[in-house]
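A.B. asks: Sharing protein_26.csv here; it has CSV, N, CA and C atoms and all ligand atoms.
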chain,number,residue,atom,x,y,z
A,1,MET,N,157.7,4.6,113.1
A,1,MET,CA,156.6,5.4,113.5
A,1,MET,C,155.5,4.4,114.0
A,2,ASN,N,154.8,4.9,115.0
A,2,ASN,CA,153.7,4.1,115.5
A,2,ASN,C,152.6,3.9,114.5
A,3,THR,N,152.3,2.6,114.1
A,3,THR,CA,151.3,2.4,113.1
A,3,THR,C,149.9,2.8,113.4
A,4,LYS,N,149.6,2.8,114.7
A,4,LYS,CA,148.3,3.2,115.2
A,4,LYS,C,148.0,4.7,114.9
A,5,ILE,N,149.0,5.5,115.2
A,5,ILE,CA,148.9,6.9,114.9
A,5,ILE,C,148.8,7.2,113.4
A,6,LEU,N,149.6,6.4,112.6
A,6,LEU,CA,149.6,6.6,111.2
A,6,LEU,C,148.2,6.3,110.7
A,7,LEU,N,147.6,5.2,111.2
A,7,LEU,CA,146.3,4.8,110.7
A,7,LEU,C,145.2,5.8,111.1
A,8,ILE,N,145.3,6.4,112.3
A,8,ILE,CA,144.4,7.4,112.7
A,8,ILE,C,144.5,8.7,111.8
A,9,LEU,N,145.8,9.0,111.5
A,9,LEU,CA,146.0,10.2,110.6
A,9,LEU,C,145.4,9.9,109.2
A,10,LEU,N,145.6,8.7,108.7
A,10,LEU,CA,145.0,8.4,107.4
A,10,LEU,C,143.5,8.5,107.4
A,11,ILE,N,142.9,8.0,108.4
A,11,ILE,CA,141.4,8.0,108.5
A,11,ILE,C,140.9,9.5,108.6
A,12,LEU,N,141.6,10.3,109.3
A,12,LEU,CA,141.2,11.7,109.4
A,12,LEU,C,141.4,12.4,108.1
A,13,MET,N,142.5,12.1,107.4
A,13,MET,CA,142.7,12.7,106.1
A,13,MET,C,141.6,12.3,105.1
A,14,PHE,N,141.3,11.1,105.0
A,14,PHE,CA,140.3,10.7,104.0
A,14,PHE,C,138.9,11.2,104.4
A,15,GLY,N,138.7,11.3,105.7
A,15,GLY,CA,137.4,11.9,106.2
A,15,GLY,C,137.3,13.3,105.7
A,16,ALA,N,138.4,14.1,105.9
A,16,ALA,CA,138.4,15.5,105.5
A,16,ALA,C,138.2,15.6,104.0
A,17,ILE,N,138.8,14.8,103.2
A,17,ILE,CA,138.7,14.8,101.7
A,17,ILE,C,137.2,14.5,101.3
A,18,GLY,N,136.7,13.5,102.0
A,18,GLY,CA,135.3,13.1,101.7
A,18,GLY,C,134.3,14.2,102.0
A,19,TYR,N,134.6,14.9,103.2
A,19,TYR,CA,133.7,16.0,103.6
A,19,TYR,C,133.8,17.1,102.6
A,20,LEU,N,135.0,17.5,102.2
A,20,LEU,CA,135.1,18.6,101.3
A,20,LEU,C,134.5,18.3,99.9
A,21,SER,N,134.6,17.1,99.4
A,21,SER,CA,134.0,16.8,98.1
A,21,SER,C,132.5,16.8,98.2
A,22,LEU,N,132.0,16.4,99.3
A,22,LEU,CA,130.5,16.4,99.5
A,22,LEU,C,130.1,17.9,99.5
A,23,LYS,N,130.8,18.7,100.2
A,23,LYS,CA,130.4,20.1,100.3
A,23,LYS,C,130.4,20.8,98.9
A,24,VAL,N,131.4,20.5,98.1
A,24,VAL,CA,131.5,21.1,96.8
A,24,VAL,C,130.4,20.7,95.9
A,25,ASN,N,130.0,19.4,96.0
A,25,ASN,CA,128.9,18.9,95.1
A,25,ASN,C,127.5,19.1,95.6
A,26,SER,N,127.4,19.6,96.8
A,26,SER,CA,126.0,19.7,97.3
A,26,SER,C,125.3,20.9,96.8
A,27,SER,N,124.0,20.7,96.6
A,27,SER,CA,123.2,21.8,96.2
A,27,SER,C,121.8,21.5,96.8
A,28,SER,N,121.3,22.5,97.5
A,28,SER,CA,120.1,22.1,98.3
A,28,SER,C,118.9,22.2,97.4
A,29,VAL,N,117.9,21.4,97.8
A,29,VAL,CA,116.6,21.4,97.0
A,29,VAL,C,115.8,22.6,97.4
A,30,LEU,N,115.4,23.3,96.3
A,30,LEU,CA,114.7,24.6,96.5
A,30,LEU,C,113.2,24.3,96.6
A,31,GLY,N,112.7,23.3,96.0
A,31,GLY,CA,111.3,23.1,96.1
A,31,GLY,C,110.9,21.8,95.5
A,32,THR,N,109.7,21.3,95.8
A,32,THR,CA,109.3,20.0,95.3
A,32,THR,C,107.8,20.2,94.9
A,33,SER,N,107.4,19.4,93.9
A,33,SER,CA,106.0,19.3,93.5
A,33,SER,C,105.5,17.9,93.7
A,34,THR,N,104.4,17.7,94.3
A,34,THR,CA,103.9,16.4,94.4
A,34,THR,C,102.5,16.4,93.8
A,35,ASN,N,102.4,16.6,92.5
A,35,ASN,CA,101.1,16.5,91.8
A,35,ASN,C,101.0,15.0,91.6
A,36,GLY,N,99.8,14.5,91.4
A,36,GLY,CA,99.4,13.1,91.3
A,36,GLY,C,100.5,12.2,90.8
A,37,SER,N,101.2,12.5,89.7
A,37,SER,CA,102.0,11.5,89.1
A,37,SER,C,103.4,11.4,89.6
A,38,GLY,N,103.9,12.3,90.4
A,38,GLY,CA,105.3,12.1,90.8
A,38,GLY,C,105.8,13.3,91.6
A,39,LEU,N,107.1,13.4,91.6
A,39,LEU,CA,107.8,14.4,92.4
A,39,LEU,C,108.9,15.1,91.6
A,40,ILE,N,108.9,16.4,91.6
A,40,ILE,CA,109.9,17.2,90.8
A,40,ILE,C,110.6,18.0,91.9
A,41,SER,N,111.9,17.9,91.9
A,41,SER,CA,112.8,18.7,92.8
A,41,SER,C,113.7,19.5,92.0
A,42,LEU,N,114.0,20.7,92.4
A,42,LEU,CA,115.0,21.6,91.8
A,42,LEU,C,116.1,22.0,92.7
A,43,SER,N,117.3,21.9,92.2
A,43,SER,CA,118.4,22.4,93.0
A,43,SER,C,119.3,23.2,92.0
A,44,THR,N,120.2,24.0,92.6
A,44,THR,CA,121.0,24.9,91.7
A,44,THR,C,122.5,24.8,92.0
A,45,ASN,N,123.3,25.1,91.0
A,45,ASN,CA,124.7,25.2,91.2
A,45,ASN,C,125.2,26.4,90.4
A,46,PRO,N,125.7,27.5,91.0
A,46,PRO,CA,126.0,27.6,92.5
A,46,PRO,C,124.7,27.8,93.3
A,47,ASN,N,124.8,27.6,94.5
A,47,ASN,CA,123.7,27.8,95.5
A,47,ASN,C,124.3,28.6,96.7
A,48,PRO,N,123.8,29.8,96.9
A,48,PRO,CA,122.8,30.5,96.1
A,48,PRO,C,123.3,30.9,94.7
A,49,LEU,N,122.4,31.2,93.8
A,49,LEU,CA,122.7,31.6,92.5
A,49,LEU,C,123.4,33.0,92.5
A,50,LYS,N,124.4,33.1,91.5
A,50,LYS,CA,125.1,34.4,91.4
A,50,LYS,C,124.9,34.8,89.9
A,51,PRO,N,125.1,36.0,89.6
A,51,PRO,CA,125.1,36.4,88.1
A,51,PRO,C,126.1,35.6,87.4
A,52,GLY,N,125.7,35.2,86.2
A,52,GLY,CA,126.6,34.4,85.4
A,52,GLY,C,126.0,33.0,85.1
A,53,PRO,N,126.9,32.1,84.6
A,53,PRO,CA,126.4,30.7,84.2
A,53,PRO,C,125.8,30.0,85.5
A,54,ALA,N,124.8,29.2,85.2
A,54,ALA,CA,124.2,28.4,86.3
A,54,ALA,C,123.7,27.1,85.8
A,55,THR,N,123.7,26.1,86.7
A,55,THR,CA,123.2,24.8,86.3
A,55,THR,C,122.0,24.5,87.2
A,56,PHE,N,120.9,24.1,86.6
A,56,PHE,CA,119.7,23.7,87.3
A,56,PHE,C,119.6,22.2,87.2
A,57,LEU,N,119.4,21.6,88.4
A,57,LEU,CA,119.3,20.1,88.4
A,57,LEU,C,117.9,19.7,88.8
A,58,ILE,N,117.2,18.9,88.0
A,58,ILE,CA,115.9,18.5,88.3
A,58,ILE,C,116.0,17.0,88.7
A,59,ASP,N,115.4,16.6,89.8
A,59,ASP,CA,115.3,15.2,90.2
A,59,ASP,C,113.9,14.8,90.1
A,60,LEU,N,113.7,13.7,89.4
A,60,LEU,CA,112.4,13.2,89.2
A,60,LEU,C,112.1,11.8,89.8
A,61,LYS,N,111.0,11.7,90.5
A,61,LYS,CA,110.5,10.4,91.0
A,61,LYS,C,109.1,10.2,90.7
A,62,ASP,N,108.7,9.0,90.5
A,62,ASP,CA,107.3,8.7,90.3
A,62,ASP,C,106.6,8.6,91.6
A,63,LYS,N,105.3,8.3,91.5
A,63,LYS,CA,104.5,8.4,92.8
A,63,LYS,C,104.9,7.3,93.8
A,64,ASN,N,105.6,6.3,93.3
A,64,ASN,CA,106.1,5.2,94.2
A,64,ASN,C,107.5,5.5,94.7
A,65,GLY,N,108.0,6.7,94.4
A,65,GLY,CA,109.4,7.0,94.9
A,65,GLY,C,110.5,6.5,94.1
A,66,LYS,N,110.2,6.0,92.9
A,66,LYS,CA,111.2,5.4,92.0
A,66,LYS,C,111.7,6.5,91.1
A,67,VAL,N,113.0,6.5,90.8
A,67,VAL,CA,113.6,7.6,89.9
A,67,VAL,C,113.1,7.3,88.5
A,68,VAL,N,112.9,8.4,87.8
A,68,VAL,CA,112.4,8.4,86.4
A,68,VAL,C,113.5,8.9,85.5
A,69,ASN,N,113.9,8.0,84.6
A,69,ASN,CA,115.0,8.4,83.7
A,69,ASN,C,114.6,8.7,82.2
A,70,ASP,N,113.4,8.3,81.9
A,70,ASP,CA,113.0,8.4,80.5
A,70,ASP,C,111.9,9.4,80.2
A,71,ALA,N,111.8,10.4,81.1
A,71,ALA,CA,110.8,11.5,80.8
A,71,ALA,C,111.4,12.6,79.9
A,72,LYS,N,110.5,13.4,79.4
A,72,LYS,CA,111.0,14.5,78.6
A,72,LYS,C,110.8,15.8,79.5
A,73,VAL,N,111.9,16.4,79.8
A,73,VAL,CA,111.9,17.5,80.8
A,73,VAL,C,112.2,18.8,80.0
A,74,SER,N,111.3,19.7,79.9
A,74,SER,CA,111.5,21.0,79.3
A,74,SER,C,111.5,22.1,80.2
A,75,TYR,N,112.1,23.2,79.9
A,75,TYR,CA,112.2,24.3,80.8
A,75,TYR,C,112.0,25.7,80.1
A,76,ASN,N,111.6,26.6,80.9
A,76,ASN,CA,111.4,28.0,80.5
A,76,ASN,C,111.8,28.9,81.6
A,77,ILE,N,112.8,29.7,81.4
A,77,ILE,CA,113.4,30.6,82.4
A,77,ILE,C,113.4,32.0,82.0
A,78,ASN,N,112.9,32.9,83.0
A,78,ASN,CA,112.8,34.3,82.7
A,78,ASN,C,112.8,35.0,84.1
A,79,MET,N,113.0,36.3,84.1
A,79,MET,CA,112.8,37.0,85.4
A,79,MET,C,111.3,37.1,85.7
A,80,THR,N,111.0,37.2,87.0
A,80,THR,CA,109.5,37.4,87.3
A,80,THR,C,109.1,38.8,87.2
A,81,THR,N,110.1,39.8,87.3
A,81,THR,CA,109.7,41.2,87.4
A,81,THR,C,109.8,41.9,86.1
A,82,MET,N,110.4,41.3,85.1
A,82,MET,CA,110.5,41.9,83.7
A,82,MET,C,110.9,40.8,82.7
A,83,ASP,N,110.7,41.2,81.5
A,83,ASP,CA,111.0,40.2,80.4
A,83,ASP,C,112.5,40.4,80.0
A,84,MET,N,113.3,39.4,80.4
A,84,MET,CA,114.7,39.4,80.1
A,84,MET,C,115.0,38.5,78.8
A,85,GLY,N,114.0,38.1,78.2
A,85,GLY,CA,114.1,37.1,77.1
A,85,GLY,C,114.0,35.7,77.7
A,86,GLU,N,113.2,34.8,77.1
A,86,GLU,CA,113.1,33.5,77.6
A,86,GLU,C,114.3,32.6,77.3
A,87,GLN,N,114.7,31.8,78.3
A,87,GLN,CA,115.7,30.8,78.0
A,87,GLN,C,114.9,29.5,78.1
A,88,ASN,N,114.8,28.7,77.0
A,88,ASN,CA,114.0,27.5,77.1
A,88,ASN,C,114.7,26.4,76.2
A,89,GLY,N,114.2,25.2,76.5
A,89,GLY,CA,114.8,24.0,75.8
A,89,GLY,C,114.5,22.8,76.6
A,90,ASN,N,115.2,21.7,76.3
A,90,ASN,CA,115.0,20.4,77.0
A,90,ASN,C,116.2,20.2,77.9
A,91,ALA,N,115.9,19.7,79.1
A,91,ALA,CA,116.9,19.3,80.0
A,91,ALA,C,117.6,18.0,79.6
A,92,THR,N,118.9,17.8,79.9
A,92,THR,CA,119.6,16.6,79.5
A,92,THR,C,119.6,15.6,80.6
A,93,SER,N,119.2,14.4,80.3
A,93,SER,CA,119.2,13.3,81.3
A,93,SER,C,120.6,12.9,81.7
A,94,GLN,N,120.8,12.8,83.0
A,94,GLN,CA,122.1,12.5,83.6
A,94,GLN,C,122.1,11.1,84.2
A,95,GLY,N,120.9,10.4,84.1
A,95,GLY,CA,120.8,9.1,84.8
A,95,GLY,C,120.4,9.3,86.3
A,96,ASN,N,120.0,8.2,86.9
A,96,ASN,CA,119.5,8.2,88.3
A,96,ASN,C,118.5,9.3,88.6
A,97,GLY,N,117.6,9.5,87.6
A,97,GLY,CA,116.5,10.4,87.8
A,97,GLY,C,116.8,11.9,87.7
A,98,ARG,N,118.0,12.2,87.3
A,98,ARG,CA,118.5,13.6,87.3
A,98,ARG,C,118.6,14.2,85.9
A,99,TYR,N,118.1,15.4,85.8
A,99,TYR,CA,118.2,16.1,84.5
A,99,TYR,C,118.8,17.5,84.7
A,100,SER,N,119.6,17.9,83.7
A,100,SER,CA,120.4,19.1,83.9
A,100,SER,C,120.1,20.2,82.9
A,101,ILE,N,120.1,21.4,83.3
A,101,ILE,CA,119.8,22.6,82.5
A,101,ILE,C,121.0,23.6,82.7
A,102,SER,N,121.5,24.1,81.6
A,102,SER,CA,122.5,25.1,81.6
A,102,SER,C,121.8,26.4,81.3
A,103,ALA,N,122.0,27.4,82.1
A,103,ALA,CA,121.4,28.7,81.9
A,103,ALA,C,122.3,29.8,82.3
A,104,LYS,N,121.9,31.1,81.9
A,104,LYS,CA,122.7,32.2,82.3
A,104,LYS,C,121.9,33.2,83.0
A,105,MET,N,122.3,33.5,84.2
A,105,MET,CA,121.6,34.5,85.0
A,105,MET,C,122.2,35.9,84.8
A,106,THR,N,121.4,36.7,84.0
A,106,THR,CA,122.0,37.9,83.5
A,106,THR,C,121.7,39.1,84.4
A,107,MET,N,121.0,38.9,85.5
A,107,MET,CA,120.7,40.0,86.3
A,107,MET,C,120.4,39.5,87.8
A,108,LEU,N,120.7,40.4,88.7
A,108,LEU,CA,120.3,40.1,90.1
A,108,LEU,C,118.8,40.1,90.3
A,109,GLY,N,118.2,39.3,91.1
A,109,GLY,CA,116.8,39.4,91.4
A,109,GLY,C,116.1,38.1,91.3
A,110,PRO,N,114.8,38.1,91.3
A,110,PRO,CA,114.0,36.9,91.2
A,110,PRO,C,113.7,36.4,89.8
A,111,TRP,N,113.9,35.1,89.6
A,111,TRP,CA,113.7,34.4,88.3
A,111,TRP,C,112.7,33.3,88.5
A,112,LYS,N,112.0,33.1,87.5
A,112,LYS,CA,111.0,31.9,87.5
A,112,LYS,C,111.6,30.8,86.6
A,113,VAL,N,111.6,29.6,87.1
A,113,VAL,CA,112.0,28.4,86.4
A,113,VAL,C,110.8,27.5,86.3
A,114,SER,N,110.3,27.5,85.1
A,114,SER,CA,109.1,26.6,84.8
A,114,SER,C,109.6,25.3,84.2
A,115,ILE,N,109.2,24.2,84.9
A,115,ILE,CA,109.6,22.9,84.5
A,115,ILE,C,108.3,22.1,84.0
A,116,THR,N,108.4,21.6,82.8
A,116,THR,CA,107.3,20.7,82.3
A,116,THR,C,107.9,19.3,82.1
A,117,VAL,N,107.2,18.3,82.7
A,117,VAL,CA,107.7,16.9,82.6
A,117,VAL,C,106.6,16.1,81.8
A,118,LYS,N,107.1,15.5,80.8
A,118,LYS,CA,106.2,14.5,80.0
A,118,LYS,C,106.7,13.1,80.3
A,119,MET,N,105.9,12.3,81.0
A,119,MET,CA,106.2,10.9,81.2
A,119,MET,C,105.9,10.1,80.0
A,120,THR,N,106.5,8.9,79.9
A,120,THR,CA,106.4,8.1,78.7
A,120,THR,C,104.9,7.6,78.6
A,121,ASP,N,104.2,7.6,79.7
A,121,ASP,CA,102.8,7.1,79.6
A,121,ASP,C,101.9,8.3,79.1
A,122,GLY,N,102.4,9.4,78.7
A,122,GLY,CA,101.7,10.5,78.1
A,122,GLY,C,101.2,11.5,79.2
A,123,SER,N,101.3,11.2,80.4
A,123,SER,CA,100.9,12.2,81.4
A,123,SER,C,102.0,13.3,81.5
A,124,SER,N,101.6,14.4,82.0
A,124,SER,CA,102.5,15.5,82.1
A,124,SER,C,102.2,16.3,83.3
A,125,GLU,N,103.2,17.0,83.8
A,125,GLU,CA,103.0,18.0,84.9
A,125,GLU,C,103.9,19.1,84.8
A,126,LYS,N,103.5,20.2,85.4
A,126,LYS,CA,104.2,21.5,85.3
A,126,LYS,C,104.5,22.0,86.7
A,127,LYS,N,105.7,22.5,86.9
A,127,LYS,CA,105.9,23.1,88.2
A,127,LYS,C,106.8,24.4,88.0
A,128,ASP,N,106.4,25.5,88.7
A,128,ASP,CA,107.1,26.7,88.7
A,128,ASP,C,107.9,26.9,89.9
A,129,PHE,N,109.2,27.2,89.8
A,129,PHE,CA,110.0,27.5,91.0
A,129,PHE,C,110.5,28.9,90.9
A,130,THR,N,110.6,29.6,92.0
A,130,THR,CA,111.2,31.0,92.0
A,130,THR,C,112.5,30.9,92.7
A,131,VAL,N,113.5,31.4,92.0
A,131,VAL,CA,114.9,31.4,92.5
A,131,VAL,C,115.4,32.8,92.6
A,132,ASN,N,116.3,33.1,93.4
A,132,ASN,CA,116.9,34.4,93.6
A,132,ASN,C,118.4,34.5,93.2
A,133,VAL,N,118.7,35.4,92.4
A,133,VAL,CA,120.1,35.6,92.0
A,133,VAL,C,120.6,36.8,92.9
A,134,ARG,N,121.7,36.5,93.7
A,134,ARG,CA,122.2,37.6,94.6
A,134,ARG,C,123.7,37.6,94.6
B,1,CU,CU,116.0,41.8,84.7
Can you turn what I pasted into structure tokens?
Ligand SMILES: [Cu+2]
C.D. replies:
Amino acid sequence: MNTKILLILLILMFGAIGYLSLKVNSSSVLGTSTNGSGLISLSTNPNPLKPGPATFLIDLKDKNGKVVNDAKVSYNINMTTMDMGEQNGNATSQGNGRYSISAKMTMLGPWKVSITVKMTDGSSEKKDFTVNVR
């Protein structure tokens, strides 16, 4: 077999695999907060959210754009239109400035995700995100 054709086929194959794995892992940023001390971004998996289990990913950067791994990130999740019972706790640090939250979306509609970040220097900031389950 012509080795040039084989090489091209291999490149196409790995390209397709890379593209697919990127698609599976991607979750778009829903919103960011740039209060004085840094940047809080929220993304979700699945995106868009569906009823059932959900993962919220918080990405943290300081005001210089450097990822923050040692902050305390807490959350409070509830519907905006009614009290479905609060889901709250601390997000788990995943490294590279990313923190993860496991939640359960028990109803279609708008939900509020309140994120509170406590930096090691004692400063803190809070950001509310609204997400839709559909
Ligand atoms: Cu509800």
A.B. asks: Give me the residues near region 99-116 of chain A as a PyMOL selection string, where near means some atom within 6.5 Å (using all atoms listed in the file) and where sequence neighbours in that chain fewer than 3 positions away do not count.
C.D. replies: chain A and resi 50-60+72-81+90-95+125-134
A.B. asks: Could the residues in this selection be saved with N, CA and C atoms as an mmCIF file, in the coordinates of the input?
C.D. replies:
data_model
loop_
_atom_site.group_PDB
_atom_site.id
_atom_site.type_symbol
_atom_site.label_atom_id
_atom_site.label_comp_id
_atom_site.auth_asym_id
_atom_site.auth_seq_id
_atom_site.Cartn_x
_atom_site.Cartn_y
_atom_site.Cartn_z
ATOM 1 N N LYS A 50 124.400 33.100 91.500
ATOM 2 C CA LYS A 50 125.100 34.400 91.400
ATOM 3 C C LYS A 50 124.900 34.800 89.900
ATOM 4 N N PRO A 51 125.100 36.000 89.600
ATOM 5 C CA PRO A 51 125.100 36.400 88.100
ATOM 6 C C PRO A 51 126.100 35.600 87.400
ATOM 7 N N GLY A 52 125.700 35.200 86.200
ATOM 8 C CA GLY A 52 126.600 34.400 85.400
ATOM 9 C C GLY A 52 126.000 33.000 85.100
ATOM 10 N N PRO A 53 126.900 32.100 84.600
ATOM 11 C CA PRO A 53 126.400 30.700 84.200
ATOM 12 C C PRO A 53 125.800 30.000 85.500
ATOM 13 N N ALA A 54 124.800 29.200 85.200
ATOM 14 C CA ALA A 54 124.200 28.400 86.300
ATOM 15 C C ALA A 54 123.700 27.100 85.800
ATOM 16 N N THR A 55 123.700 26.100 86.700
ATOM 17 C CA THR A 55 123.200 24.800 86.300
ATOM 18 C C THR A 55 122.000 24.500 87.200
ATOM 19 N N PHE A 56 120.900 24.100 86.600
ATOM 20 C CA PHE A 56 119.700 23.700 87.300
ATOM 21 C C PHE A 56 119.600 22.200 87.200
ATOM 22 N N LEU A 57 119.400 21.600 88.400
ATOM 23 C CA LEU A 57 119.300 20.100 88.400
ATOM 24 C C LEU A 57 117.900 19.700 88.800
ATOM 25 N N ILE A 58 117.200 18.900 88.000
ATOM 26 C CA ILE A 58 115.900 18.500 88.300
ATOM 27 C C ILE A 58 116.000 17.000 88.700
ATOM 28 N N ASP A 59 115.400 16.600 89.800
ATOM 29 C CA ASP A 59 115.300 15.200 90.200
ATOM 30 C C ASP A 59 113.900 14.800 90.100
ATOM 31 N N LEU A 60 113.700 13.700 89.400
ATOM 32 C CA LEU A 60 112.400 13.200 89.200
ATOM 33 C C LEU A 60 112.100 11.800 89.800
ATOM 34 N N LYS A 72 110.500 13.400 79.400
ATOM 35 C CA LYS A 72 111.000 14.500 78.600
ATOM 36 C C LYS A 72 110.800 15.800 79.500
ATOM 37 N N VAL A 73 111.900 16.400 79.800
ATOM 38 C CA VAL A 73 111.900 17.500 80.800
ATOM 39 C C VAL A 73 112.200 18.800 80.000
ATOM 40 N N SER A 74 111.300 19.700 79.900
ATOM 41 C CA SER A 74 111.500 21.000 79.300
ATOM 42 C C SER A 74 111.500 22.100 80.200
ATOM 43 N N TYR A 75 112.100 23.200 79.900
ATOM 44 C CA TYR A 75 112.200 24.300 80.800
ATOM 45 C C TYR A 75 112.000 25.700 80.100
ATOM 46 N N ASN A 76 111.600 26.600 80.900
ATOM 47 C CA ASN A 76 111.400 28.000 80.500
ATOM 48 C C ASN A 76 111.800 28.900 81.600
ATOM 49 N N ILE A 77 112.800 29.700 81.400
ATOM 50 C CA ILE A 77 113.400 30.600 82.400
ATOM 51 C C ILE A 77 113.400 32.000 82.000
ATOM 52 N N ASN A 78 112.900 32.900 83.000
ATOM 53 C CA ASN A 78 112.800 34.300 82.700
ATOM 54 C C ASN A 78 112.800 35.000 84.100
ATOM 55 N N MET A 79 113.000 36.300 84.100
ATOM 56 C CA MET A 79 112.800 37.000 85.400
ATOM 57 C C MET A 79 111.300 37.100 85.700
ATOM 58 N N THR A 80 111.000 37.200 87.000
ATOM 59 C CA THR A 80 109.500 37.400 87.300
ATOM 60 C C THR A 80 109.100 38.800 87.200
ATOM 61 N N THR A 81 110.100 39.800 87.300
ATOM 62 C CA THR A 81 109.700 41.200 87.400
ATOM 63 C C THR A 81 109.800 41.900 86.100
ATOM 64 N N ASN A 90 115.200 21.700 76.300
ATOM 65 C CA ASN A 90 115.000 20.400 77.000
ATOM 66 C C ASN A 90 116.200 20.200 77.900
ATOM 67 N N ALA A 91 115.900 19.700 79.100
ATOM 68 C CA ALA A 91 116.900 19.300 80.000
ATOM 69 C C ALA A 91 117.600 18.000 79.600
ATOM 70 N N THR A 92 118.900 17.800 79.900
ATOM 71 C CA THR A 92 119.600 16.600 79.500
ATOM 72 C C THR A 92 119.600 15.600 80.600
ATOM 73 N N SER A 93 119.200 14.400 80.300
ATOM 74 C CA SER A 93 119.200 13.300 81.300
ATOM 75 C C SER A 93 120.600 12.900 81.700
ATOM 76 N N GLN A 94 120.800 12.800 83.000
ATOM 77 C CA GLN A 94 122.100 12.500 83.600
ATOM 78 C C GLN A 94 122.100 11.100 84.200
ATOM 79 N N GLY A 95 120.900 10.400 84.100
ATOM 80 C CA GLY A 95 120.800 9.100 84.800
ATOM 81 C C GLY A 95 120.400 9.300 86.300
ATOM 82 N N GLU A 125 103.200 17.000 83.800
ATOM 83 C CA GLU A 125 103.000 18.000 84.900
ATOM 84 C C GLU A 125 103.900 19.100 84.800
ATOM 85 N N LYS A 126 103.500 20.200 85.400
ATOM 86 C CA LYS A 126 104.200 21.500 85.300
ATOM 87 C C LYS A 126 104.500 22.000 86.700
ATOM 88 N N LYS A 127 105.700 22.500 86.900
ATOM 89 C CA LYS A 127 105.900 23.100 88.200
ATOM 90 C C LYS A 127 106.800 24.400 88.000
ATOM 91 N N ASP A 128 106.400 25.500 88.700
ATOM 92 C CA ASP A 128 107.100 26.700 88.700
ATOM 93 C C ASP A 128 107.900 26.900 89.900
ATOM 94 N N PHE A 129 109.200 27.200 89.800
ATOM 95 C CA PHE A 129 110.000 27.500 91.000
ATOM 96 C C PHE A 129 110.500 28.900 90.900
ATOM 97 N N THR A 130 110.600 29.600 92.000
ATOM 98 C CA THR A 130 111.200 31.000 92.000
ATOM 99 C C THR A 130 112.500 30.900 92.700
ATOM 100 N N VAL A 131 113.500 31.400 92.000
ATOM 101 C CA VAL A 131 114.900 31.400 92.500
ATOM 102 C C VAL A 131 115.400 32.800 92.600
ATOM 103 N N ASN A 132 116.300 33.100 93.400
ATOM 104 C CA ASN A 132 116.900 34.400 93.600
ATOM 105 C C ASN A 132 118.400 34.500 93.200
ATOM 106 N N VAL A 133 118.700 35.400 92.400
ATOM 107 C CA VAL A 133 120.100 35.600 92.000
ATOM 108 C C VAL A 133 120.600 36.800 92.900
ATOM 109 N N ARG A 134 121.700 36.500 93.700
ATOM 110 C CA ARG A 134 122.200 37.600 94.600
ATOM 111 C C ARG A 134 123.700 37.600 94.600
#
A.B. asks: How many Å separate atom N of Ser123 (chain A) from atom C of Ala71 (chain A)?
C.D. replies: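 Value for the atom N of Ser123 (chain A)-atom C of Ala71 (chain A) distance: 10.2 Å.
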A.B. asks: Quick one: distance from atom C of Asn64 (chain A) to atom C of Gly38 (chain A) in Å, one decimal?
C.D. replies: 8.6 Å
A.B. asks: So, counting only C-alpha atoms and all ligand atoms, which residue among A:Leu42, A:Met84, A:Arg98, A:Asp121 is closest to ligand CU 1 (chain B)?
C.D. replies: A:Met84
A.B. asks: Using only N, CA and C atoms and all ligand atoms, which of the listed residues (A:Met82, A:Lys61, A:Asn47, A:Val68) sits closest to ligand CU 1 (chain B)?
C.D. replies: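 Closest to ligand CU 1 (chain B), using only N, CA and C atoms and all ligand atoms: A:Met82.
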A.B. asks: What is the distance between atom CU of ligand CU 1 (chain B) and atom C of Ser124 (chain A), in Å to one decimal?
C.D. replies: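 Going from atom CU of ligand CU 1 (chain B) over to atom C of Ser124 (chain A), I get 29.0 Å.
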A.B. asks: Nearest to ligand CU 1 (chain B) among A:Asp62, A:Thr44, A:Thr3, A:Gly85, with distances taken over all atoms listed in the file: which residue is it?
C.D. replies: A:Gly85
A.B. asks: Measuring atom to atom with only N, CA and C atoms and all ligand atoms, identify which of A:Asp83, A:Asp70, A:Gly97, A:Thr120 is nearest to ligand CU 1 (chain B).
C.D. replies: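 Checking each candidate against ligand CU 1 (chain B), we get A:Asp83 as the closest.
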